[in-house]
Structures are given as structure tokens and as C-alpha cells.
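Student: So here's upload_17.txt (compact mmCIF, C-alpha atoms).
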# COMPACT_ATOMS: atom_id res chain seq x y z
CA MET A 4 49.17 -44.57 -9.34
CA LYS A 5 47.97 -47.41 -7.14
CA CYS A 6 50.47 -49.65 -5.49
CA SER A 7 50.75 -53.29 -6.47
CA ASP A 8 48.94 -54.53 -3.34
CA GLU A 9 45.97 -52.27 -4.03
CA ARG A 10 45.71 -53.51 -7.62
CA LYS A 11 45.85 -57.11 -6.43
CA ALA A 12 43.15 -56.45 -3.83
CA LEU A 13 40.91 -54.79 -6.42
CA ALA A 14 41.38 -57.75 -8.77
CA VAL A 15 40.35 -60.15 -5.99
CA PHE A 16 37.30 -58.00 -5.14
CA GLU A 17 36.23 -57.84 -8.78
CA LYS A 18 36.46 -61.63 -9.12
CA ALA A 19 34.51 -62.15 -5.90
CA ILE A 20 31.79 -59.72 -6.96
CA ALA A 21 31.46 -61.43 -10.33
CA LYS A 22 30.86 -64.73 -8.52
CA ILE A 23 28.22 -63.46 -6.10
CA LYS A 24 26.43 -60.63 -7.95
CA PRO A 25 23.39 -61.66 -10.01
CA SER A 26 23.47 -60.98 -13.72
CA PRO A 27 21.29 -58.15 -15.04
CA LYS A 28 19.05 -60.81 -16.62
CA GLU A 29 18.63 -62.62 -13.28
CA THR A 30 17.86 -59.34 -11.49
CA GLU A 31 15.34 -58.37 -14.17
CA LYS A 32 13.62 -61.75 -13.84
CA ASP A 33 13.43 -61.42 -10.04
CA PHE A 34 12.02 -57.89 -10.24
CA GLY A 35 9.52 -59.07 -12.85
CA ALA A 36 8.28 -61.86 -10.56
CA ALA A 37 8.12 -59.52 -7.57
CA ASN A 38 6.22 -56.85 -9.50
CA HIS A 39 3.79 -59.47 -10.80
CA LEU A 40 2.99 -60.58 -7.26
CA ILE A 41 2.79 -57.01 -5.98
CA LYS A 42 0.21 -56.16 -8.67
CA LYS A 43 -1.82 -59.24 -7.74
CA LEU A 44 -1.73 -58.26 -4.07
CA GLN A 45 -2.70 -54.68 -4.86
CA SER A 46 -5.73 -55.97 -6.75
CA VAL A 47 -7.04 -57.90 -3.71
CA CYS A 48 -6.00 -55.55 -0.89
CA PRO A 49 -8.03 -52.52 0.16
CA ALA A 50 -6.68 -49.08 -0.74
CA ASN A 51 -5.55 -48.38 2.83
CA VAL A 52 -3.10 -51.32 2.75
CA THR A 53 0.33 -50.72 1.20
CA ILE A 54 2.33 -53.40 -0.62
CA GLU A 55 6.09 -52.91 -0.62
CA LEU A 56 9.10 -54.74 -2.01
CA ALA A 57 11.79 -55.04 0.66
CA GLY A 58 14.86 -57.09 1.50
CA SER A 59 18.01 -57.73 -0.48
CA LEU A 60 16.44 -57.48 -3.95
CA ALA A 61 15.00 -54.05 -3.16
CA LYS A 62 18.33 -52.90 -1.69
CA GLY A 63 20.46 -54.35 -4.49
CA THR A 64 22.31 -56.67 -2.13
CA ASP A 65 20.86 -59.94 -3.42
CA LEU A 66 23.12 -62.85 -4.29
CA LYS A 67 23.51 -64.83 -7.50
CA GLY A 68 21.33 -67.94 -7.52
CA LYS A 69 19.34 -66.83 -4.46
CA ASN A 70 16.12 -66.00 -6.27
CA GLU A 71 14.13 -64.63 -3.38
CA PHE A 72 12.52 -61.38 -2.39
CA ASP A 73 10.44 -59.99 0.42
CA ILE A 74 7.03 -58.45 -0.11
CA PHE A 75 5.53 -56.64 2.86
CA ILE A 76 1.83 -56.06 3.38
CA LEU A 77 1.64 -52.89 5.47
CA PHE A 78 -1.56 -52.27 7.40
CA PRO A 79 -2.64 -49.03 9.09
CA THR A 80 -2.23 -48.99 12.86
CA SER A 81 -6.02 -49.20 13.25
CA TYR A 82 -5.87 -52.93 12.46
CA GLU A 83 -5.41 -55.36 15.33
CA HIS A 84 -2.60 -57.91 15.15
CA LYS A 85 -4.86 -60.94 14.72
CA GLU A 86 -6.83 -59.17 12.00
CA MET A 87 -3.61 -58.31 10.12
CA VAL A 88 -2.40 -61.91 10.31
CA LEU A 89 -5.68 -63.37 9.05
CA LEU A 90 -6.14 -60.79 6.31
CA GLY A 91 -2.48 -60.94 5.23
CA LEU A 92 -2.66 -64.70 4.83
CA SER A 93 -5.94 -64.40 2.97
CA TYR A 94 -4.52 -61.80 0.56
CA ALA A 95 -1.38 -63.85 0.02
CA ARG A 96 -3.39 -66.99 -0.82
CA ARG A 97 -5.37 -65.08 -3.43
Show me, as C-alpha cells, the structure contained in the file I just sent.
Tutor:
Amino acid sequence: MKCSDERKALAVFEKAIAKIKPSPKETEKDFGAANHLIKKLQSVCPANVTIELAGSLAKGTDLKGKNEFDIFILFPTSYEHKEMVLLGLSYARR
């Protein structure tokens, strides 16, 4: 059986997590928005470019009320830096 201090600590952790962890509905909404944008990017990017969800939403470490996510446009190494920047911005605008 856990000692009293351990139970108290767990209770504090559970309360803290409830305050900072997004609800399943919020997470679903964020993933829906991210997937929508990823599909749009995939429709305008060439097949050799990969679109990937990254950051806290992808890792499950996002915070309640912080509705943000990172979408990476990954180019093959054959692209030059300037070309990637210009194309990435162009794809993102579309």
C-alpha cells in the first residue's frame, strides 16, 4: 500500500494534469485541423516532398488552450536552401 505522502503527491499530479492536458475533444479538433492542412499541402506539393505533423501535438505533449501544431515540409537533399524556402512558402500560401 502506498504511503500517505505518495497518495498526496499523486493527487496533486492528477489535478495538475487535468488543468494542463487538453480534452479529447480539443485534441480531436486540433488533429482535424492539422490533417486538413496536411491534405491541402499534399495536393500542391510534388510527390518527392513529404509533409509531416511534428511538435507537441504529434508527440502528445500539447497543452490545454494552446491550439497550435507544427507541419513540416520535408524536401529531398537535392533541393538548394533558397529553392526550399521559396517553394515552401509558395506551397503554404496555396
Student: Using 8 Å as the limit and counting only C-alpha atoms, can you tabulate each residue of region 52-85 of chain A that touches region 25-32 of chain A, with its shortest atom-to-atom distance in Å and the two atoms involved, as a Markdown table?
Tutor:
| residue | atom | partner | partner_atom | distance |
| --- | --- | --- | --- | --- |
| A:Leu60 | CA | A:Thr30 | CA | 7.9 |
| A:Asp65 | CA | A:Pro25 | CA | 7.3 |
| A:Leu66 | CA | A:Pro25 | CA | 5.8 |
| A:Lys67 | CA | A:Pro25 | CA | 4.0 |
| A:Gly68 | CA | A:Pro25 | CA | 7.1 |
Student: Mind checking which residues fall within 9 Å of region 39-44 of chain A, counting only C-alpha atoms, ignoring those fewer than 2 positions away in the same chain, and posting them as a ChimeraX atom specification?
Tutor: /A:34-37,46-48,54-56,74,76,94-95,97
Student: Mind giving me the straight-line distance from CA of Phe72 (chain A) to CA of Ala50 (chain A) in Å, one decimal?
Tutor: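 Computing it gives 22.9 Å between the two atoms.
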Student: Pick the closest to Pro79 (chain A) from A:Cys6, A:Ala21, A:Ala12, A:Val52: which is it, counting only C-alpha atoms?
Tutor: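 Looking at the shortest contact to Pro79 (chain A), the residue is A:Val52.
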Student: Given the choices A:Ile23, A:Glu9, A:Lys18, A:Asp73, which gets closest to Gly58 (chain A) if the distance is worked out from only C-alpha atoms?
Tutor: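 For Gly58 (chain A), the nearest of the candidates is A:Asp73.
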Student: Just give me the gap between CA of Ser59 (chain A) and CA of Lys11 (chain A) in Å, one decimal is fine.
Tutor: 28.5 Å
Student: Could you state the separation of CA of Arg10 (chain A) and CA of Thr64 (chain A) in Å, given to one decimal place?
Tutor: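 It comes out at 24.2 Å.
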Student: Nearest to Asp33 (chain A): which of A:Asn70, A:Thr53, A:Gly63, A:Leu77 is it, counting only C-alpha atoms?
Tutor: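 Looking at the shortest contact to Asp33 (chain A), the residue is A:Asn70.
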